[in-house]
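Okay, structure_30.tsv is below, TSV, C-alpha atoms:
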```tsv
chain	number	residue	atom	x	y	z
A	1	MET	CA	7.79	-1.66	24.17
A	2	SER	CA	6.85	-5.23	23.31
A	3	THR	CA	3.86	-7.17	24.51
A	4	PRO	CA	3.86	-10.70	25.97
A	5	VAL	CA	2.72	-13.47	23.69
A	6	THR	CA	-0.75	-14.73	24.45
A	7	ALA	CA	-1.87	-18.23	23.67
A	8	VAL	CA	-3.12	-18.83	20.14
A	9	ARG	CA	-6.42	-20.67	20.17
A	10	ALA	CA	-6.81	-23.68	17.91
A	11	GLY	CA	-10.26	-22.63	16.72
A	12	SER	CA	-10.88	-19.68	14.46
A	13	ASP	CA	-12.30	-16.84	16.52
A	14	TYR	CA	-12.00	-14.65	13.45
A	15	ALA	CA	-14.18	-17.01	11.39
A	16	GLU	CA	-17.00	-16.67	13.91
A	17	LEU	CA	-16.69	-12.88	13.91
A	18	SER	CA	-16.71	-12.88	10.10
A	19	ARG	CA	-19.94	-14.88	10.12
A	20	ARG	CA	-21.60	-12.34	12.42
A	21	ILE	CA	-20.39	-9.40	10.33
A	22	ALA	CA	-21.50	-11.03	7.07
A	23	ALA	CA	-24.91	-11.87	8.56
A	24	ALA	CA	-25.35	-8.18	9.34
A	25	GLY	CA	-24.70	-7.36	5.67
A	26	LEU	CA	-21.69	-5.20	6.43
A	27	LEU	CA	-19.28	-6.60	3.83
A	28	ARG	CA	-21.32	-5.62	0.79
A	29	ARG	CA	-19.92	-2.84	-1.35
A	30	ARG	CA	-21.94	0.38	-1.46
A	31	PRO	CA	-21.75	1.66	-5.06
A	32	GLY	CA	-24.21	4.49	-4.42
A	33	TYR	CA	-22.31	5.72	-1.39
A	34	GLN	CA	-18.95	5.34	-3.12
A	35	ALA	CA	-20.13	7.33	-6.15
A	36	ILE	CA	-21.34	10.19	-3.95
A	37	ALA	CA	-18.28	10.09	-1.67
A	38	LEU	CA	-15.76	9.95	-4.51
A	39	GLY	CA	-17.67	12.55	-6.51
A	40	SER	CA	-17.78	14.99	-3.59
A	41	THR	CA	-14.07	14.47	-2.89
A	42	LEU	CA	-13.15	15.19	-6.49
A	43	ALA	CA	-15.48	18.19	-6.48
A	44	LEU	CA	-13.71	19.56	-3.39
A	45	TYR	CA	-10.35	19.02	-5.09
A	46	ALA	CA	-11.49	20.81	-8.27
A	47	LEU	CA	-13.16	23.63	-6.34
A	48	VAL	CA	-9.97	24.37	-4.42
A	49	TRP	CA	-8.00	24.66	-7.66
A	50	VAL	CA	-10.68	26.96	-9.08
A	51	GLY	CA	-10.38	29.07	-5.93
A	52	PHE	CA	-6.62	29.18	-6.43
A	53	ALA	CA	-7.07	30.52	-9.95
A	54	VAL	CA	-9.71	33.07	-8.91
A	55	VAL	CA	-7.78	34.47	-5.92
A	56	GLY	CA	-4.69	34.99	-8.07
A	57	ASP	CA	-1.69	37.01	-6.88
A	58	SER	CA	-2.67	37.58	-3.26
A	59	TRP	CA	-1.58	36.53	0.21
A	60	TRP	CA	-5.13	35.22	0.64
A	61	GLN	CA	-3.71	32.24	-1.22
A	62	LEU	CA	-2.44	30.98	2.14
A	63	GLY	CA	-6.06	30.23	3.01
A	64	ILE	CA	-6.35	28.31	-0.26
A	65	ALA	CA	-3.15	26.43	0.68
A	66	VAL	CA	-4.83	25.25	3.89
A	67	LEU	CA	-7.94	24.13	1.98
A	68	MET	CA	-5.79	22.42	-0.63
A	69	ALA	CA	-3.96	20.45	2.08
A	70	ILE	CA	-7.35	19.24	3.31
A	71	ALA	CA	-8.48	18.38	-0.23
A	72	PHE	CA	-5.25	16.47	-0.97
A	73	THR	CA	-5.66	14.42	2.21
A	74	GLN	CA	-9.28	13.63	1.41
A	75	VAL	CA	-8.16	12.40	-2.02
A	76	ALA	CA	-5.55	10.27	-0.23
A	77	PHE	CA	-8.34	8.74	1.89
A	78	ALA	CA	-10.23	7.91	-1.31
A	79	GLY	CA	-7.06	6.29	-2.71
A	80	HIS	CA	-6.77	4.30	0.51
A	81	GLU	CA	-10.28	2.93	0.07
A	82	VAL	CA	-9.64	2.12	-3.59
A	83	GLY	CA	-6.41	0.33	-2.65
A	84	HIS	CA	-8.32	-1.87	-0.21
A	85	ARG	CA	-10.89	-2.78	-2.89
A	86	GLN	CA	-13.67	-1.09	-0.96
A	87	VAL	CA	-14.83	0.66	-4.11
A	88	THR	CA	-14.47	-2.10	-6.69
A	89	ALA	CA	-13.57	-5.80	-6.66
A	90	SER	CA	-11.71	-5.47	-9.95
A	91	ARG	CA	-7.98	-5.33	-9.40
A	92	ARG	CA	-7.39	-3.59	-12.74
A	93	THR	CA	-10.05	-0.94	-12.10
A	94	ALA	CA	-8.78	-0.33	-8.57
A	95	GLU	CA	-5.24	-0.02	-9.93
A	96	ARG	CA	-6.26	2.57	-12.53
A	97	MET	CA	-8.35	4.55	-10.08
A	98	GLY	CA	-5.49	4.49	-7.57
A	99	LEU	CA	-3.02	5.79	-10.15
A	100	VAL	CA	-5.29	8.74	-10.97
A	101	LEU	CA	-6.11	9.56	-7.35
A	102	GLY	CA	-2.64	8.98	-5.93
A	103	ASN	CA	-0.01	9.56	-8.60
A	104	LEU	CA	-1.72	12.14	-10.80
A	105	LEU	CA	-3.86	14.20	-8.41
A	106	ILE	CA	-1.70	14.36	-5.27
A	107	GLY	CA	1.71	12.97	-6.29
A	108	LEU	CA	1.77	9.87	-4.09
A	109	GLY	CA	2.95	6.60	-5.66
A	110	GLN	CA	-0.02	4.26	-5.41
A	111	GLY	CA	1.92	1.10	-6.31
A	112	TRP	CA	4.57	1.77	-3.67
A	113	TRP	CA	1.97	2.70	-1.06
A	114	VAL	CA	-0.30	-0.34	-1.66
A	115	ASP	CA	2.64	-2.73	-1.23
A	116	LYS	CA	3.84	-0.99	1.92
A	117	HIS	CA	0.36	-0.69	3.37
A	118	ASN	CA	-0.51	-4.34	2.71
A	119	ARG	CA	2.61	-5.41	4.60
A	120	HIS	CA	1.54	-3.17	7.47
A	121	HIS	CA	-1.92	-4.74	7.52
A	122	ALA	CA	-0.50	-8.26	7.55
A	123	HIS	CA	1.74	-7.61	10.57
A	124	PRO	CA	0.73	-4.35	12.31
A	125	ASN	CA	3.31	-3.05	14.79
A	126	GLN	CA	5.50	-6.15	14.37
A	127	LEU	CA	9.23	-5.52	14.16
A	128	ASP	CA	10.99	-6.75	11.00
A	129	HIS	CA	7.59	-7.20	9.30
A	130	ASP	CA	5.66	-3.93	9.50
A	131	PRO	CA	7.41	-1.18	7.50
A	132	ASP	CA	5.59	1.42	9.61
A	133	VAL	CA	7.72	0.50	12.66
A	134	ALA	CA	11.00	0.12	10.79
A	135	PRO	CA	13.71	2.45	12.17
A	136	GLY	CA	13.86	5.73	10.30
A	137	VAL	CA	13.70	9.35	11.32
A	138	VAL	CA	11.38	8.16	14.11
A	139	ARG	CA	12.35	5.20	16.29
A	140	TRP	CA	9.72	2.96	17.84
A	141	THR	CA	11.56	0.90	20.49
A	142	HIS	CA	14.31	1.43	23.02
A	143	ASP	CA	16.53	-0.99	21.10
A	144	GLN	CA	16.12	1.04	17.92
A	145	ALA	CA	16.89	4.22	19.87
A	146	ARG	CA	20.13	2.82	21.28
A	147	THR	CA	21.54	2.24	17.77
A	148	THR	CA	21.36	5.94	16.86
A	149	SER	CA	24.26	8.35	16.67
A	150	GLY	CA	24.99	11.93	15.68
A	151	PHE	CA	22.07	14.10	14.64
A	152	GLN	CA	19.71	11.11	14.51
A	153	ARG	CA	20.44	10.50	18.19
A	154	PHE	CA	19.40	14.08	18.98
A	155	VAL	CA	16.17	13.67	16.98
A	156	THR	CA	15.35	10.38	18.71
A	157	ARG	CA	16.06	11.84	22.13
A	158	TRP	CA	13.40	14.52	21.60
A	159	GLN	CA	11.17	12.83	19.02
A	160	GLY	CA	8.06	13.19	21.17
A	161	VAL	CA	8.49	16.96	21.00
A	162	LEU	CA	9.73	17.02	17.40
A	163	PHE	CA	7.07	14.71	15.98
A	164	LEU	CA	4.68	17.44	14.86
A	165	PRO	CA	7.39	19.60	13.21
A	166	LEU	CA	8.76	16.49	11.50
A	167	LEU	CA	5.34	15.82	9.98
A	168	THR	CA	5.70	18.98	7.90
A	169	LEU	CA	8.24	16.97	5.85
A	170	GLU	CA	6.04	13.88	5.53
A	171	ALA	CA	4.49	14.86	2.20
A	172	LEU	CA	7.97	15.38	0.74
A	173	ASN	CA	8.99	11.97	2.09
A	174	LEU	CA	5.97	10.33	0.44
A	175	HIS	CA	6.62	12.06	-2.89
A	176	VAL	CA	10.28	10.99	-2.87
A	177	SER	CA	9.38	7.40	-1.93
A	178	GLY	CA	6.92	7.21	-4.82
A	179	PHE	CA	9.49	8.46	-7.34
A	180	ARG	CA	12.19	6.20	-5.92
A	181	SER	CA	9.99	3.11	-6.22
A	182	ALA	CA	8.97	4.01	-9.78
A	183	PHE	CA	12.42	4.84	-11.12
A	184	GLY	CA	13.92	1.95	-9.14
A	185	ARG	CA	11.44	-0.35	-10.89
A	186	GLN	CA	10.08	-1.57	-7.56
A	187	VAL	CA	6.44	-1.41	-8.70
A	188	PRO	CA	4.62	-3.49	-11.35
A	189	ARG	CA	4.26	-0.63	-13.88
A	190	PRO	CA	7.14	1.74	-13.15
A	191	ALA	CA	6.91	3.76	-16.39
A	192	ARG	CA	3.24	4.54	-15.89
A	193	GLU	CA	3.73	5.35	-12.22
A	194	GLY	CA	6.71	7.58	-12.91
A	195	LEU	CA	5.00	9.40	-15.79
A	196	LEU	CA	1.90	10.21	-13.72
A	197	LEU	CA	4.00	11.37	-10.77
A	198	ALA	CA	6.01	13.61	-13.08
A	199	LEU	CA	2.83	15.03	-14.64
A	200	HIS	CA	1.55	15.90	-11.17
A	201	VAL	CA	4.75	17.68	-10.16
A	202	VAL	CA	5.01	19.60	-13.45
A	203	GLY	CA	1.34	20.57	-13.40
A	204	TYR	CA	1.37	21.57	-9.72
A	205	LEU	CA	4.52	23.69	-9.96
A	206	THR	CA	3.48	25.26	-13.26
A	207	ALA	CA	0.17	26.36	-11.75
A	208	LEU	CA	1.93	27.86	-8.73
A	209	PHE	CA	4.56	29.81	-10.65
A	210	VAL	CA	2.19	30.99	-13.40
A	211	VAL	CA	-0.39	32.38	-10.97
A	212	LEU	CA	1.99	33.58	-8.22
A	213	PRO	CA	5.31	35.41	-8.18
A	214	PRO	CA	8.23	33.20	-7.06
A	215	GLY	CA	8.24	34.30	-3.42
A	216	LYS	CA	4.54	33.72	-2.87
A	217	ALA	CA	4.67	30.48	-4.86
A	218	LEU	CA	7.39	29.10	-2.58
A	219	VAL	CA	5.47	30.15	0.55
A	220	PHE	CA	2.31	28.53	-0.84
A	221	LEU	CA	4.27	25.37	-1.62
A	222	ALA	CA	5.72	25.20	1.90
A	223	VAL	CA	2.37	25.80	3.62
A	224	GLN	CA	0.31	23.49	1.43
A	225	GLN	CA	2.76	20.59	1.41
A	226	GLY	CA	3.67	21.06	5.06
A	227	LEU	CA	0.03	20.97	6.19
A	228	PHE	CA	-0.69	18.08	3.83
A	229	GLY	CA	2.00	16.09	5.65
A	230	VAL	CA	0.74	17.16	9.07
A	231	TYR	CA	-2.86	16.23	8.26
A	232	MET	CA	-1.80	12.86	6.85
A	233	GLY	CA	0.41	12.14	9.85
A	234	LEU	CA	-2.20	13.18	12.40
A	235	SER	CA	-4.76	10.95	10.66
A	236	PHE	CA	-2.59	7.86	11.00
A	237	ALA	CA	-0.77	8.54	14.28
A	238	PRO	CA	-3.67	7.71	16.67
A	239	ASN	CA	-4.20	4.28	15.14
A	240	HIS	CA	-1.18	2.26	16.30
A	241	LYS	CA	1.30	4.59	18.00
A	242	GLY	CA	1.44	3.85	21.70
A	243	MET	CA	-0.04	0.38	21.19
A	244	PRO	CA	2.03	-2.78	21.81
A	245	VAL	CA	4.98	-3.34	19.49
A	246	LEU	CA	5.42	-7.04	18.78
A	247	GLY	CA	8.77	-8.77	18.56
A	248	PRO	CA	9.70	-10.26	15.17
A	249	ASP	CA	9.02	-13.83	16.35
A	250	GLN	CA	5.90	-13.22	18.42
A	251	LYS	CA	2.90	-15.12	17.12
A	252	LEU	CA	-0.72	-14.17	17.61
A	253	ASP	CA	-3.79	-15.36	15.75
A	254	PHE	CA	-5.17	-12.95	13.15
A	255	LEU	CA	-7.93	-11.45	15.32
A	256	ARG	CA	-5.69	-10.72	18.30
A	257	ARG	CA	-2.84	-9.45	16.13
A	258	GLN	CA	-5.15	-6.85	14.61
A	259	VAL	CA	-7.10	-5.86	17.72
A	260	LEU	CA	-4.28	-5.70	20.25
A	261	THR	CA	-2.11	-3.43	18.10
A	262	SER	CA	-4.87	-1.03	17.00
A	263	ARG	CA	-6.78	1.79	18.65
A	264	ASN	CA	-10.11	3.35	17.74
A	265	VAL	CA	-10.83	7.05	18.08
A	266	ARG	CA	-14.12	8.03	19.65
A	267	GLY	CA	-16.19	10.63	17.80
A	268	GLY	CA	-19.11	11.36	15.51
A	269	VAL	CA	-19.72	12.06	11.84
A	270	LEU	CA	-17.23	14.94	11.72
A	271	THR	CA	-14.49	12.71	13.16
A	272	ASP	CA	-15.37	10.05	10.59
A	273	TRP	CA	-14.87	12.59	7.79
A	274	LEU	CA	-11.76	14.27	9.20
A	275	LEU	CA	-9.99	10.92	9.72
A	276	GLY	CA	-11.32	9.24	6.60
A	277	GLY	CA	-12.94	6.43	8.59
A	278	LEU	CA	-9.55	5.49	10.05
A	279	ASN	CA	-10.96	6.21	13.51
A	280	TYR	CA	-12.48	2.71	13.26
A	281	GLN	CA	-9.01	1.24	12.99
A	282	ILE	CA	-9.82	-2.06	14.70
A	283	GLU	CA	-12.74	-2.82	12.40
A	284	HIS	CA	-10.76	-1.62	9.37
A	285	HIS	CA	-7.86	-3.93	10.18
A	286	LEU	CA	-10.15	-6.88	10.72
A	287	PHE	CA	-12.08	-6.22	7.50
A	288	PRO	CA	-9.99	-4.01	5.18
A	289	SER	CA	-12.44	-4.21	2.28
A	290	MET	CA	-15.40	-3.14	4.42
A	291	PRO	CA	-16.88	0.14	3.07
A	292	ARG	CA	-16.40	3.16	5.31
A	293	PRO	CA	-20.10	3.64	6.26
A	294	ALA	CA	-20.30	0.04	7.50
A	295	LEU	CA	-17.45	0.48	9.99
A	296	ARG	CA	-19.60	2.38	12.49
A	297	ARG	CA	-22.24	-0.36	12.38
A	298	ALA	CA	-19.61	-3.08	12.73
A	299	GLN	CA	-18.05	-1.51	15.81
A	300	PRO	CA	-20.59	-2.71	18.45
A	301	ILE	CA	-20.48	-6.23	17.00
A	302	VAL	CA	-16.67	-6.34	17.12
A	303	ARG	CA	-16.48	-4.75	20.57
A	304	ALA	CA	-19.05	-7.17	22.03
A	305	TYR	CA	-17.26	-10.15	20.49
A	306	CYS	CA	-13.91	-9.02	21.88
A	307	ALA	CA	-15.55	-8.77	25.31
A	308	GLU	CA	-16.78	-12.36	24.92
A	309	LEU	CA	-13.24	-13.50	24.18
A	310	GLY	CA	-11.64	-11.33	26.87
A	311	VAL	CA	-9.59	-9.49	24.22
A	312	PRO	CA	-8.86	-5.85	25.19
A	313	TYR	CA	-10.56	-3.37	22.85
A	314	GLU	CA	-8.90	0.07	22.86
A	315	GLU	CA	-10.89	3.23	22.19
A	316	GLU	CA	-9.94	6.78	23.16
A	317	SER	CA	-10.93	10.35	22.42
A	318	LEU	CA	-8.85	12.06	19.73
A	319	PRO	CA	-6.89	14.26	22.20
A	320	ARG	CA	-6.19	11.27	24.43
A	321	SER	CA	-5.09	9.21	21.40
A	322	TYR	CA	-2.59	11.90	20.41
A	323	ALA	CA	-1.36	12.12	24.01
A	324	ARG	CA	-0.82	8.37	24.13
A	325	ALA	CA	1.05	8.36	20.83
A	326	LEU	CA	3.31	11.28	21.76
A	327	HIS	CA	4.00	9.84	25.21
A	328	ALA	CA	5.10	6.56	23.64
A	329	LEU	CA	7.44	8.36	21.24
A	330	HIS	CA	8.86	10.44	24.09
A	331	ASP	CA	9.35	7.31	26.20
A	332	VAL	CA	11.47	5.69	23.46
A	333	GLY	CA	13.93	8.59	23.79
A	334	THR	CA	14.12	8.39	27.59
A	335	PRO	CA	17.32	6.27	27.74
A	336	LEU	CA	19.07	8.78	25.46
A	337	ARG	CA	18.05	11.68	27.68
A	338	THR	CA	19.37	9.97	30.83
A	339	ASP	CA	22.58	8.29	29.65
A	340	GLY	CA	24.59	11.53	29.73
A	341	ARG	CA	25.94	11.17	26.19
A	342	GLY	CA	25.54	13.76	23.43
```

Do you think you could lay out the structure here as structure tokens?
Amino acid sequence: MSTPVTAVRAGSDYAELSRRIAAAGLLRRRPGYQAIALGSTLALYALVWVGFAVVGDSWWQLGIAVLMAIAFTQVAFAGHEVGHRQVTASRRTAERMGLVLGNLLIGLGQGWWVDKHNRHHAHPNQLDHDPDVAPGVVRWTHDQARTTSGFQRFVTRWQGVLFLPLLTLEALNLHVSGFRSAFGRQVPRPAREGLLLALHVVGYLTALFVVLPPGKALVFLAVQQGLFGVYMGLSFAPNHKGMPVLGPDQKLDFLRRQVLTSRNVRGGVLTDWLLGGLNYQIEHHLFPSMPRPALRRAQPIVRAYCAELGVPYEEESLPRSYARALHALHDVGTPLRTDGRG
């Protein structure tokens, strides 16, 4: 699942693309848009909690759990934009906003995530560099699959089928990773990160067990956190899964490294909202600080420029993107399903 190395041009193709994008005014921050977008996201988050309090001790709370999973993911998208400095150029302001949005409101460690995500952006889909293709519960290459044993080998063998059920545990994985990085002092301000994460967990669980009896509270917790993980996973899965995985020593220039390993998702305004603008993955990887509303306008410029250079530009419908991602995961397990071993 690696791609052949293409020649790296001496000139800067990316510099020329940047000039065209800048000339179109697409790199300017949009404070008005950001204020409305962030305000509406926080309003949705608050409204869902109000709904939780109003509904009270009722199984209708499962509907609130679904809405809360959506609200949490939308807050995560806002934290993603803050982390990329789309909202503000100030590092300190972005850091503080990220801590509130990530750590306090949804329990995701912003410091841990920003570091991990920046490494992903620098080397997308590159083994030994991109943490998103490091071997874990999911394996991304045949070589990674062959090193598995025991229960992990079973999971890898059927990971294309198990991927969606596994996503129900993704929120838990993100929460644990945030706490681990804070208490392991792997982030710049571990005490602050850990305190805000703890406040989220205490506040969230207190609200659940004060309003609901234990049984309903646990069901709410499972549904809300499970769907939060599924929504997060399904928002990120179409972007790089099923695209070329680069070997650790393969070298591509910046433009080709970003374009060849990324996939856009075709769709309209609803798709833009549901996926938090991540459906313009190619443009986002080329210009991470570009505000979300500019990505749609940048797309025809980037696509036309890639055509000029002869660089493949991948764009699929959302169902086709999921099919490609799941097929790639299933393909990684093929040797384990055919070798006859347990």

Contacts of stretch 274-290 of chain A within 7 Å, only C-alpha atoms, excl. fewer than 5 positions in-chain, as a list in words: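 Neighbouring residues, sequence-local ones excluded: Leu26, Leu27, Phe77, His84, Arg85, Gln86, His121, Ser235, Asn239, Leu255, Gln258, Val259, Ser262, Arg263, Asn264, Val265, Leu295, Ala298 and Gln299 of chain A.
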
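The interatomic distance for the pair atom CA of A:Trp49 and atom CA of A:Met68 works out to 7.7 Å.
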
Between atom CA of A:Thr261 and atom CA of A:His240, what is the spacing in Å? 6.0 Å

Using all atoms listed in the file, what residues lie at most 12 Å away from (20.0, 10.5, 17.8) (file coordinates), given as a PyMOL selection string? chain A and resi 135-139+142+144-159+332-337+341-342

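Remark: for A:Asn118, the closest of the candidate residues A:Pro293, A:Gly226, A:Gly102, A:Gly83 is A:Gly83 (distances computed over all atoms listed in the file).
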
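Counting only C-alpha atoms and comparing A:Val187, A:Leu42, A:Ala304, A:Ala69, the residue that lies closest to A:Val100 is A:Leu42.
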
My list of candidates is A:Leu234, A:Val223, A:Ile106, A:Val302. Which is closest to A:Arg19 when distances are computed with only C-alpha atoms?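 Residue with the minimum atom-to-atom distance to A:Arg19: A:Val302.
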
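Atom CA of A:Ser321 is positioned 8.5 Å from atom CA of A:Gly242.
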
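Between A:Arg96 and the residues A:Arg257, A:Arg189, A:His117, A:Arg180, the shortest atom-to-atom distance, using only C-alpha atoms, involves A:Arg189.
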
In terms of the shortest atom-to-atom distance over only C-alpha atoms, which of A:Gly267, A:Gly203, A:Gly63, A:Gly79 is closest to A:Glu316? A:Gly267

Long-range neighbours of A:His123 as a CSV table (one decimal) with C-alpha atoms, in the coordinates of the input, 10 Å cut-off, only C-alpha atoms, 2 positions minimum in chain:
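This is the output file around.csv:
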```csv
chain,number,residue,atom,x,y,z
A,118,ASN,CA,-0.5,-4.3,2.7
A,119,ARG,CA,2.6,-5.4,4.6
A,120,HIS,CA,1.5,-3.2,7.5
A,121,HIS,CA,-1.9,-4.7,7.5
A,125,ASN,CA,3.3,-3.0,14.8
A,126,GLN,CA,5.5,-6.2,14.4
A,127,LEU,CA,9.2,-5.5,14.2
A,128,ASP,CA,11.0,-6.8,11.0
A,129,HIS,CA,7.6,-7.2,9.3
A,130,ASP,CA,5.7,-3.9,9.5
A,131,PRO,CA,7.4,-1.2,7.5
A,132,ASP,CA,5.6,1.4,9.6
A,246,LEU,CA,5.4,-7.0,18.8
A,248,PRO,CA,9.7,-10.3,15.2
A,252,LEU,CA,-0.7,-14.2,17.6
A,254,PHE,CA,-5.2,-13.0,13.2
A,257,ARG,CA,-2.8,-9.4,16.1
A,258,GLN,CA,-5.2,-6.8,14.6
A,261,THR,CA,-2.1,-3.4,18.1
```

Got a sec: who's within 10 Å of A:Trp59, counting all atoms listed in the file, leaving out chain neighbours fewer than 5 positions off, as a list of chain:residue names? A:Ile64, A:Leu212, A:Lys216, A:Val219, A:Phe220

Contact residues around A:Glu193 with all atoms listed in the file at 8 Å, ignoring same-chain residues under 2 positions, as JSON, numbers by chain: {"A": [99, 103, 109, 110, 111, 182, 189, 190, 191, 195, 196, 197]}

Residues near A:Val176, anyone? I mean within 12 Å using all atoms listed in the file, not counting same-chain ones fewer than 6 positions away, as a list in words.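 Here the qualifying residues turn out to be Asn103, Gly107, Leu108, Gly109, Trp112, Trp113, Leu169, Glu170, Ala182, Phe183, Gly184, Gly194, Leu197, Ala198 and Val201 of chain A.
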
Any chance you could export the current selection's C-alpha atoms as an mmCIF file, in the frame of the given file?
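The file below, selection04.cif, is the result:
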```cif
data_model
loop_
_atom_site.group_PDB
_atom_site.id
_atom_site.type_symbol
_atom_site.label_atom_id
_atom_site.label_comp_id
_atom_site.auth_asym_id
_atom_site.auth_seq_id
_atom_site.Cartn_x
_atom_site.Cartn_y
_atom_site.Cartn_z
ATOM 1 C CA ASN A 103 -0.010 9.560 -8.600
ATOM 2 C CA GLY A 107 1.710 12.970 -6.290
ATOM 3 C CA LEU A 108 1.770 9.870 -4.090
ATOM 4 C CA GLY A 109 2.950 6.600 -5.660
ATOM 5 C CA TRP A 112 4.570 1.770 -3.670
ATOM 6 C CA TRP A 113 1.970 2.700 -1.060
ATOM 7 C CA LEU A 169 8.240 16.970 5.850
ATOM 8 C CA GLU A 170 6.040 13.880 5.530
ATOM 9 C CA ALA A 182 8.970 4.010 -9.780
ATOM 10 C CA PHE A 183 12.420 4.840 -11.120
ATOM 11 C CA GLY A 184 13.920 1.950 -9.140
ATOM 12 C CA GLY A 194 6.710 7.580 -12.910
ATOM 13 C CA LEU A 197 4.000 11.370 -10.770
ATOM 14 C CA ALA A 198 6.010 13.610 -13.080
ATOM 15 C CA VAL A 201 4.750 17.680 -10.160
#
```

Go through A:Val66, A:Val48, A:Ala328, A:Leu162 and flag the residue nearest A:Val245, using only C-alpha atoms for the distances.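 Nearest candidate to A:Val245 out of A:Val66, A:Val48, A:Ala328, A:Leu162: A:Ala328.
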